[in-house]
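run_25.csv, holding CSV, C-alpha atoms:
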chain,number,residue,atom,x,y,z
A,1,MET,CA,163.7,114.1,140.5
A,2,ALA,CA,164.3,117.2,142.5
A,3,HIS,CA,163.4,120.4,140.9
A,4,SER,CA,166.3,122.8,141.4
A,5,ALA,CA,165.2,126.0,143.0
A,6,VAL,CA,165.3,129.1,140.9
A,7,PRO,CA,168.3,131.2,142.0
A,8,THR,CA,167.2,134.5,143.5
A,9,THR,CA,169.6,136.4,141.3
A,10,ALA,CA,167.7,135.4,138.1
A,11,PRO,CA,166.6,138.4,136.2
A,12,ALA,CA,163.0,139.3,136.5
A,13,ALA,CA,160.9,138.1,133.6
A,14,VAL,CA,160.2,140.8,131.1
A,15,ALA,CA,156.7,142.2,131.4
A,16,PRO,CA,154.5,141.5,128.4
A,17,ILE,CA,153.0,144.3,126.3
A,18,SER,CA,149.3,144.5,126.7
A,19,LEU,CA,147.3,143.2,123.8
A,20,SER,CA,145.0,146.2,123.7
A,21,ALA,CA,148.1,148.5,123.2
A,22,LEU,CA,149.4,146.1,120.5
A,23,ALA,CA,146.1,145.6,118.5
A,24,PRO,CA,145.9,148.9,116.6
A,25,TRP,CA,149.6,148.7,115.6
A,26,ALA,CA,149.2,145.1,114.5
A,27,VAL,CA,146.3,146.0,112.2
A,28,PHE,CA,148.0,149.1,110.8
A,29,ALA,CA,151.5,147.5,110.3
A,30,GLY,CA,149.9,144.2,109.2
A,31,ILE,CA,148.1,145.9,106.3
A,32,VAL,CA,151.1,148.0,105.2
A,33,THR,CA,153.6,145.1,105.4
A,34,LEU,CA,151.3,142.6,103.6
A,35,PHE,CA,150.8,145.1,100.8
A,36,LEU,CA,154.6,145.6,100.5
A,37,LEU,CA,155.0,141.8,100.3
A,38,TYR,CA,152.2,141.7,97.7
A,39,LEU,CA,154.1,144.3,95.6
A,40,VAL,CA,157.4,142.4,95.8
A,41,GLY,CA,155.9,139.0,95.4
A,42,ALA,CA,152.8,138.9,93.2
A,43,GLU,CA,151.9,142.2,91.5
A,44,GLN,CA,151.7,141.8,87.8
A,45,GLY,CA,152.3,138.1,88.3
A,46,ALA,CA,149.4,136.1,89.6
A,47,THR,CA,147.2,139.3,89.6
A,48,ALA,CA,147.6,142.9,88.8
A,49,LEU,CA,146.5,146.3,90.3
A,50,PHE,CA,148.5,148.3,87.7
A,51,GLU,CA,148.7,147.9,84.0
A,52,GLY,CA,151.7,146.7,82.1
A,53,ASN,CA,154.6,144.6,83.4
A,54,THR,CA,157.1,147.1,84.7
A,55,VAL,CA,156.6,146.2,88.3
A,56,HIS,CA,157.0,142.5,87.4
A,57,GLU,CA,160.2,143.1,85.4
A,58,TRP,CA,161.6,145.4,88.1
A,59,MET,CA,161.0,142.8,90.8
A,60,HIS,CA,161.9,139.9,88.6
A,61,ASP,CA,165.2,138.7,90.1
A,62,GLY,CA,164.1,139.3,93.7
A,63,ARG,CA,161.0,137.4,93.1
A,64,HIS,CA,162.9,134.3,91.7
A,65,LEU,CA,165.5,134.4,94.4
A,66,LEU,CA,163.2,135.1,97.3
A,67,GLY,CA,161.1,132.0,96.3
A,68,PHE,CA,157.9,133.6,94.9
A,69,PRO,CA,156.4,132.0,91.8
A,70,CYS,CA,157.4,134.5,89.1
A,71,HIS,CA,156.2,133.3,85.7
B,1,MET,CA,152.3,145.2,131.8
B,2,ASN,CA,155.2,146.7,129.9
B,3,SER,CA,154.9,150.4,129.2
B,4,VAL,CA,157.0,150.4,126.0
B,5,SER,CA,155.0,151.5,123.0
B,6,PRO,CA,154.6,148.9,120.2
B,7,ARG,CA,155.4,151.8,117.9
B,8,VAL,CA,159.0,152.0,119.1
B,9,LEU,CA,159.6,148.3,118.6
B,10,LEU,CA,157.8,148.4,115.2
B,11,VAL,CA,160.1,151.2,114.0
B,12,ARG,CA,163.2,149.3,115.2
B,13,GLY,CA,161.9,146.1,113.7
B,14,MET,CA,161.6,147.8,110.3
B,15,LEU,CA,165.0,149.3,110.7
B,16,ALA,CA,166.5,145.9,111.5
B,17,GLY,CA,164.5,144.5,108.6
B,18,LEU,CA,166.1,147.1,106.3
B,19,LEU,CA,169.5,145.9,107.5
B,20,ALA,CA,168.4,142.3,107.0
B,21,GLY,CA,167.2,143.2,103.5
B,22,LEU,CA,170.6,144.7,102.8
B,23,ALA,CA,172.3,141.4,103.9
B,24,ALA,CA,169.8,139.5,101.7
B,25,PHE,CA,170.7,141.7,98.8
B,26,LEU,CA,174.4,141.2,99.2
B,27,VAL,CA,174.0,137.4,99.4
B,28,ALA,CA,171.6,137.4,96.5
B,29,TYR,CA,173.9,139.5,94.3
B,30,VAL,CA,177.0,137.4,95.1
B,31,LEU,CA,175.4,133.9,95.1
B,32,GLY,CA,172.2,134.2,93.2
B,33,GLU,CA,172.7,136.4,90.2
B,34,SER,CA,175.1,134.1,88.4
B,35,LYS,CA,172.5,131.3,88.7
B,36,VAL,CA,169.7,133.6,87.4
B,37,ASP,CA,171.9,134.6,84.4
B,38,ALA,CA,172.8,131.0,83.7
B,39,ALA,CA,169.1,130.1,83.6
B,40,ILE,CA,168.3,133.0,81.4
B,41,ALA,CA,171.1,132.0,79.0
B,42,LEU,CA,169.6,128.5,78.8
B,43,GLU,CA,166.1,130.0,78.2
B,44,GLU,CA,167.4,132.1,75.4
B,45,ALA,CA,169.3,129.3,73.8
B,46,ALA,CA,166.2,127.2,73.8
B,47,SER,CA,164.1,129.9,72.1
B,48,ALA,CA,166.8,131.1,69.8
B,49,GLY,CA,165.7,128.7,67.1
B,50,HIS,CA,162.2,130.0,67.0
B,51,ASP,CA,162.2,133.7,66.9
B,52,HIS,CA,165.7,135.0,66.2
B,53,GLY,CA,166.1,138.8,66.1
B,54,ASP,CA,162.4,139.3,66.9
B,55,GLU,CA,163.0,140.4,70.5
B,56,VAL,CA,160.6,142.9,72.1
B,57,ALA,CA,162.6,145.5,74.0
B,58,ALA,CA,162.5,144.6,77.7
B,59,PRO,CA,161.0,147.4,79.9
B,60,VAL,CA,163.8,146.8,82.4
B,61,SER,CA,167.3,145.8,81.3
B,62,ARG,CA,169.1,142.8,82.9
B,63,ALA,CA,171.7,145.2,84.4
B,64,LEU,CA,169.0,147.1,86.3
B,65,GLN,CA,167.1,143.9,87.2
B,66,ALA,CA,170.2,142.5,88.8
B,67,THR,CA,171.1,145.6,90.8
B,68,ALA,CA,168.4,148.2,91.5
B,69,GLY,CA,165.6,145.8,90.9
B,70,LEU,CA,167.0,143.1,93.1
B,71,GLY,CA,167.8,145.7,95.7
B,72,THR,CA,164.3,147.1,95.7
B,73,GLY,CA,162.8,143.7,96.1
B,74,THR,CA,165.1,142.5,98.9
B,75,LEU,CA,164.9,145.7,100.9
B,76,LEU,CA,161.1,146.0,100.7
B,77,TYR,CA,160.9,142.3,101.6
B,78,GLY,CA,163.2,142.9,104.6
B,79,VAL,CA,161.3,145.9,105.8
B,80,ALA,CA,158.0,144.2,105.5
B,81,LEU,CA,159.1,141.0,107.3
B,82,GLY,CA,160.9,143.1,109.9
B,83,GLY,CA,157.6,144.9,110.7
B,84,ILE,CA,155.7,141.6,110.9
B,85,ALA,CA,158.5,140.0,113.1
B,86,ALA,CA,158.4,143.1,115.4
B,87,LEU,CA,154.7,142.6,115.9
B,88,VAL,CA,155.3,138.9,116.7
B,89,PHE,CA,158.0,139.9,119.1
B,90,CYS,CA,155.7,142.4,120.8
B,91,TYR,CA,153.3,139.5,121.4
B,92,ALA,CA,156.0,136.9,122.4
B,93,LEU,CA,157.9,139.2,124.8
B,94,GLY,CA,157.3,137.9,128.3
B,95,ARG,CA,154.8,135.3,127.1
B,96,ILE,CA,157.0,132.4,126.0
B,97,GLY,CA,159.0,131.9,129.2
B,98,ARG,CA,161.7,133.8,131.1
B,99,PHE,CA,163.6,135.0,128.0
B,100,GLY,CA,165.1,138.5,127.7
B,101,PRO,CA,164.6,140.7,124.6
B,102,ARG,CA,167.6,139.4,122.7
B,103,ALA,CA,166.7,135.7,123.3
B,104,THR,CA,163.1,136.4,122.4
B,105,ALA,CA,164.2,138.2,119.2
B,106,ALA,CA,166.3,135.2,118.3
B,107,PHE,CA,163.4,132.8,118.9
B,108,VAL,CA,161.1,134.9,116.8
B,109,ALA,CA,163.5,135.2,113.9
B,110,GLY,CA,164.2,131.5,114.0
B,111,GLY,CA,160.6,130.6,114.3
B,112,LEU,CA,159.5,132.8,111.4
B,113,PHE,CA,162.4,131.5,109.2
B,114,VAL,CA,161.1,128.0,109.7
B,115,THR,CA,157.4,128.7,109.4
B,116,VAL,CA,157.4,131.4,106.7
B,117,ASN,CA,160.3,130.2,104.6
B,118,LEU,CA,161.7,126.8,105.3
B,119,VAL,CA,158.4,124.8,105.6
B,120,PRO,CA,156.8,126.3,102.4
B,121,PHE,CA,160.2,125.9,100.6
B,122,PHE,CA,160.3,122.1,101.1
B,123,LYS,CA,156.9,121.8,99.3
B,124,TYR,CA,157.1,124.6,96.8
B,125,PRO,CA,160.8,125.5,96.3
B,126,SER,CA,162.0,128.5,94.5
B,127,ASN,CA,162.7,128.2,90.8
B,128,PRO,CA,165.1,130.0,88.4
B,129,PRO,CA,163.9,131.7,85.2
B,130,ALA,CA,163.1,129.2,82.4
B,131,VAL,CA,161.4,126.9,84.9
B,132,GLY,CA,157.6,127.3,85.4
B,133,ASP,CA,154.8,127.6,82.9
B,134,PRO,CA,153.4,131.2,82.8
B,135,GLU,CA,149.9,129.7,82.4
B,136,THR,CA,150.0,128.2,85.9
B,137,VAL,CA,151.4,131.2,87.8
B,138,VAL,CA,148.0,131.9,89.5
B,139,HIS,CA,147.7,128.3,90.6
B,140,ARG,CA,151.3,128.2,91.9
B,141,THR,CA,151.0,131.5,93.7
B,142,THR,CA,147.8,130.4,95.4
B,143,LEU,CA,149.4,127.2,96.6
B,144,PHE,CA,152.5,129.0,97.8
B,145,VAL,CA,150.4,131.5,99.8
B,146,LEU,CA,148.2,128.8,101.1
B,147,MET,CA,151.2,126.8,102.2
B,148,ILE,CA,152.6,129.8,104.2
B,149,ALA,CA,149.2,130.5,105.8
B,150,LEU,CA,148.9,126.8,106.7
B,151,SER,CA,152.4,126.7,108.2
B,152,VAL,CA,151.7,129.8,110.3
B,153,LEU,CA,148.4,128.4,111.5
B,154,LEU,CA,149.9,125.1,112.4
B,155,ALA,CA,152.8,126.7,114.2
B,156,SER,CA,150.4,128.8,116.2
B,157,GLY,CA,148.5,125.7,117.0
B,158,ALA,CA,151.6,123.9,118.1
B,159,LEU,CA,152.6,126.9,120.3
B,160,ILE,CA,149.2,126.9,122.0
B,161,LEU,CA,149.5,123.1,122.5
B,162,GLY,CA,152.9,123.5,124.0
B,163,ARG,CA,151.7,126.2,126.5
B,164,ARG,CA,148.7,123.9,127.5
B,165,LEU,CA,151.0,121.0,128.1
B,166,ALA,CA,153.7,122.9,129.9
B,167,PRO,CA,152.2,122.8,133.4
B,168,ARG,CA,151.8,119.0,133.3
B,169,MET,CA,154.9,117.9,131.4
B,170,GLY,CA,157.4,120.7,132.1
B,171,ASN,CA,158.6,123.2,129.6
B,172,TRP,CA,161.1,120.9,127.8
B,173,ASN,CA,158.8,117.9,127.2
B,174,ALA,CA,155.9,120.1,126.3
B,175,SER,CA,158.1,121.9,123.7
B,176,VAL,CA,159.2,118.5,122.3
B,177,VAL,CA,155.7,117.2,122.0
B,178,ALA,CA,154.4,120.5,120.4
B,179,GLY,CA,157.4,120.3,117.9
B,180,LEU,CA,156.5,116.8,117.0
B,181,ALA,CA,152.9,117.6,116.6
B,182,PHE,CA,153.9,120.5,114.2
B,183,VAL,CA,156.1,118.1,112.1
B,184,VAL,CA,153.3,115.5,111.8
B,185,ALA,CA,150.7,118.2,110.9
B,186,ILE,CA,153.0,119.7,108.3
B,187,ALA,CA,153.7,116.2,106.9
B,188,VAL,CA,149.9,115.6,106.5
B,189,ALA,CA,149.6,119.0,104.8
B,190,TYR,CA,152.5,118.1,102.4
B,191,ALA,CA,150.8,114.8,101.6
B,192,PHE,CA,147.4,116.4,100.7
B,193,LEU,CA,148.5,119.6,98.9
B,194,PRO,CA,149.1,119.1,95.1
B,195,GLY,CA,152.8,119.0,94.1
B,196,VAL,CA,154.3,121.3,91.5
B,197,ASN,CA,157.1,120.2,89.2
B,198,GLU,CA,157.6,122.2,86.1
B,199,VAL,CA,161.3,121.8,85.7
B,200,PRO,CA,162.0,120.9,82.0
B,201,ALA,CA,163.4,117.4,81.5
B,202,ASP,CA,166.7,118.7,80.0
B,203,PHE,CA,167.3,121.5,82.6
B,204,PRO,CA,170.6,121.0,84.4
B,205,ALA,CA,170.0,119.5,87.9
B,206,THR,CA,173.1,121.2,89.2
B,207,LEU,CA,171.8,124.6,88.3
B,208,ILE,CA,168.4,124.0,90.0
B,209,TRP,CA,170.2,122.7,93.2
B,210,GLN,CA,172.6,125.7,93.3
B,211,PHE,CA,169.8,128.2,92.6
B,212,ARG,CA,167.6,126.7,95.4
B,213,LEU,CA,170.6,126.6,97.8
B,214,ALA,CA,171.3,130.2,97.1
B,215,SER,CA,167.7,131.0,97.7
B,216,LEU,CA,167.8,129.3,101.1
B,217,THR,CA,171.1,131.0,102.0
B,218,ILE,CA,169.5,134.4,101.2
B,219,GLN,CA,166.7,133.7,103.7
B,220,MET,CA,169.1,132.5,106.3
B,221,ALA,CA,171.2,135.6,106.0
B,222,LEU,CA,168.1,137.7,106.2
B,223,TRP,CA,166.7,136.1,109.4
B,224,ALA,CA,170.1,135.9,111.1
B,225,THR,CA,170.8,139.5,110.5
B,226,PHE,CA,167.3,140.5,111.6
B,227,GLY,CA,167.4,138.3,114.8
B,228,LEU,CA,170.7,139.7,115.9
B,229,SER,CA,170.2,143.4,115.0
B,230,PHE,CA,166.6,143.6,116.2
B,231,GLY,CA,167.6,141.8,119.5
B,232,TYR,CA,170.2,144.5,120.1
B,233,LEU,CA,167.8,147.4,119.2
B,234,ALA,CA,164.9,145.9,121.1
B,235,GLU,CA,166.9,145.5,124.2
B,236,ARG,CA,168.1,149.1,124.1
B,237,ALA,CA,164.5,150.2,123.8
B,238,LEU,CA,163.4,148.0,126.7
B,239,VAL,CA,166.3,148.4,129.1
B,240,PRO,CA,165.4,151.9,130.3
B,241,ALA,CA,162.1,150.4,131.5
B,242,THR,CA,163.8,147.8,133.6
B,243,VAL,CA,166.7,149.8,135.0
B,244,PRO,CA,164.8,151.7,137.7
B,245,LYS,CA,163.5,148.4,139.0
B,246,GLU,CA,167.0,147.0,139.4
B,247,ALA,CA,168.3,150.2,140.9
B,248,VAL,CA,165.9,149.8,143.8
B,249,GLN,CA,167.9,146.8,145.1
B,250,PRO,CA,170.4,147.8,147.8
B,251,THR,CA,173.9,148.0,146.6
B,252,SER,CA,177.1,148.3,148.5

What is this file in structure tokens?
Amino acid sequence: MAHSAVPTTAPAAVAPISLSALAPWAVFAGIVTLFLLYLVGAEQGATALFEGNTVHEWMHDGRHLLGFPCH
Amino acid sequence: MNSVSPRVLLVRGMLAGLLAGLAAFLVAYVLGESKVDAAIALEEAASAGHDHGDEVAAPVSRALQATAGLGTGTLLYGVALGGIAALVFCYALGRIGRFGPRATAAFVAGGLFVTVNLVPFFKYPSNPPAVGDPETVVHRTTLFVLMIALSVLLASGALILGRRLAPRMGNWNASVVAGLAFVVAIAVAYAFLPGVNEVPADFPATLIWQFRLASLTIQMALWATFGLSFGYLAERALVPATVPKEAVQPTS
């Protein structure tokens, strides 16, 4: 099976972003986004940081429809 | 190495996520809310015999839950997943083959939809109100998060396997083998994780089906919107970096 030659007009592969440049952003954004997901999906459900059930009730429909266990 | 800052792509990812969250909200409002209301009506009909007129005032009214509440949930969810997807994109760009920004964004969106939503959904599907025992919510949430983590871990493993096999088998065959390995590993995980079924015996099967279908449609709308809009935004961020290189080539 002959391997067809790569045409010379093919676009150059996009250069990757260095991991050392990405790491601090990954840690920072990772923490922020996971906390947001926790607020939407589990606060005042499985566990609670704040008292009461206002967050739970406010997120209620989104929680059900986005697939999180709600109650 | 690419000189574009991850910050630029992160911001654009969260913007595309906001747009995706808006799409998710619209689909959820149009397709999902009627199912939630139907389930709540059943729940209230079932409990009406026990404590009639003894209702504690709800802290958030149904009208608010279905509009502002649902909007908050879906938009925050979209922004958060958009940020995560942008980070995955930053890693995947230029590392998964000769794909441009838009194709990479489409792969990342599709891959995250499958690993973060679809695979966990088949084991622990979404449930409408009136389904699910409040006593077991910690157990169910733990299993749900565990299933997502396992799915992400196994998908990463499959990706590494595919890259190892590619030099020997070629890209196509290596991807097929890695995909099969992922399916087998997920099947084993499904078999060993405990099942959850708390649907009451007399709950209408049609309503469960429609609710879960709506739930899946919301996720598909979210990821499709994200993949397309982020691909566009990411390319616009990355193109200035590649234009000077192309301009060097002699032109007529």

Neighbour list for range 60-74 of chain B as a ChimeraX atom specification, cut-off 8 Å, all atoms listed in the file, skip fewer than 2 positions in-chain: /A:40,54,57-63,66 /B:21-22,24-25,29,33,58,76-78

What are the residues of chain B lining chain A at 6 Å or less? Count only C-alpha atoms, and put the answer as a PyMOL selection string. chain B and resi 1-2+6+60+65+69-70+73+80+93-94+98+126+128+134+137-138+141+215

Using Å and a single decimal, report how far CA of Ala28 in chain B sits from CA of Arg140 in chain B.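 Rounded to one decimal, the two atoms are 22.8 Å apart.
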
Between CA of Gln210 in chain B and CA of Ala20 in chain B, what is the distance, to one decimal in Å? 21.9 Å

Close residues, Gly17 in chain B itself excluded, 8 Å, only C-alpha atoms, min 4 positions apart in chain, as a ChimeraX atom specification: /B:13,21,75,78-83,226,230

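Here CA of Pro129 in chain B stands at a distance of 5.7 Å from CA of Ala39 in chain B.
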
Judged by only C-alpha atoms, the minimum distance to Ile40 in chain B among B:Leu87, B:Ala109, B:Leu207, B:Ala189 is found for B:Leu207
